[in-house]
Amino acid sequence: MASVLELSDVSVVRDGNRILDSITWAVDSDERWVVLGPNGAGKTTLLSIASASIHPSSGTAKVLEDTLGKVDVFELRPRIGFASTALARKVPAGETVLDVVLTAAYSVTGRWNEEYDDIDSRRARRVLAEWKLDHLEERRFGSLSEGEQKRVQIARAVMTDPELLLLDEPAASLDLGAREELLQLLGGYASSPQAPGIVMVTHHVEEIPRAFTHALLLKDGRIQAAGPLDEVITAENLSATFGMDITVERHDGRFAARAL
Ligand SMILES: Nc1ncnc2c1ncn2[C@@H]1O[C@H](COP(=O)(O)OP(=O)(O)OP(=O)(O)O)[C@@H](O)[C@H]1O
């Protein structure tokens, strides 16, 4: 399997602080990773490298086999699907759901004509149906619930068939029902052999969808543990990462954790 992300000794320094410190990590195209860690651990910064939004201060970062600093990021970025609240804030509240998803295609093709319009509209409608949003396609993005908006963000990110999918806290601020619905959809998507390599940042082990395969625990910009889920999501590793005694259980493919 090809690596979709390959970091070697990557550090990011801001204001004299090492917010990522000597990260060596690889993600293969058939792997679905979750990145966990306390506030300020460096998770978003790691996604910024993976999305080719920033360059490392030192070390080498390869994204989709291209080395950052040696590749035209404007050619690289359309191959990456990225869903985050920060990106969603840039969507005009009056845009229809269909257009929010459809315009992802135009940022790749960079053009507009009837032929592309038809193909892309059909694809956008198919993606909306897959993410159970078809009944909302004419609704204004700004009028949707948080849960619906999160699903639209992901639908937009997968619209272009990305080779790497990055999700920044997709379940944050959702109620229990909306979270479970999203995790079911994400688990279904992640279990497909056609799905790309996935990296999802989250704050909670309860938000790890079924079908995810690997975890990376980050603390103070350093890797605390990384590898297959069952080896990494342990009481010992979570306690060390979050600085308190934590117990964790896995039931039916899902995790639950609490302080002892
Ligand atoms: N441009 C910057 N200049 C200075 N410090 C920065 C910059 N960007 C991030 N930081 C700092 O780097 C650290 C890591 O930030 P980052 O947003 O990556 O953490 P995080 O793990 O995503 O946090 P959270 O869980 O709270 O979202 C934080 O202490 C943050 O204040």
# chains A, B, ... in the order shown; residues from 1 in each chain; ligands from 1
>>> residues_around(residues="region 50-60 of chain A", least_positions_apart="6", cutoff="12 Å", atoms="only C-alpha atoms", output="ChimeraX atom specification")
/A:4-27,43-44,66-84,157,162-168,197-201
>>> residues_around(residues="Gly40 (chain A)", least_positions_apart="5", cutoff="10 Å", atoms="only C-alpha atoms", output="list in words")
Ile19, Thr45, Leu218, Lys219, Asp220 and Gly221 of chain A
>>> write_last_selection(atoms="N, CA and C atoms", output="tab-separated table (two decimals), in the first residue's frame")
chain	number	residue	atom	x	y	z
A	19	ILE	N	5.88	23.45	18.55
A	19	ILE	CA	4.51	22.97	18.74
A	19	ILE	C	4.32	21.59	18.11
A	45	THR	N	-2.22	21.53	14.18
A	45	THR	CA	-0.98	21.84	13.46
A	45	THR	C	-0.55	20.64	12.60
A	218	LEU	N	-0.98	12.32	20.88
A	218	LEU	CA	-0.05	13.45	20.84
A	218	LEU	C	-0.09	14.17	22.17
A	219	LYS	N	1.09	14.52	22.66
A	219	LYS	CA	1.16	15.29	23.91
A	219	LYS	C	2.32	16.28	23.79
A	220	ASP	N	2.04	17.55	24.03
A	220	ASP	CA	3.09	18.58	23.96
A	220	ASP	C	3.89	18.50	22.66
A	221	GLY	N	3.19	18.25	21.56
A	221	GLY	CA	3.85	18.25	20.25
A	221	GLY	C	4.62	16.99	19.92
>>> closest_residue(among="A:Ala172, A:Leu64, A:Ala93, A:Ala195", to="ligand 1", atoms="only C-alpha atoms and all ligand atoms")
A:Ala172
>>> closest_residue(among="A:Leu128, A:Leu183, A:Ala215, A:Ala190", to="Arg254 (chain A)", atoms="only C-alpha atoms")
A:Leu183
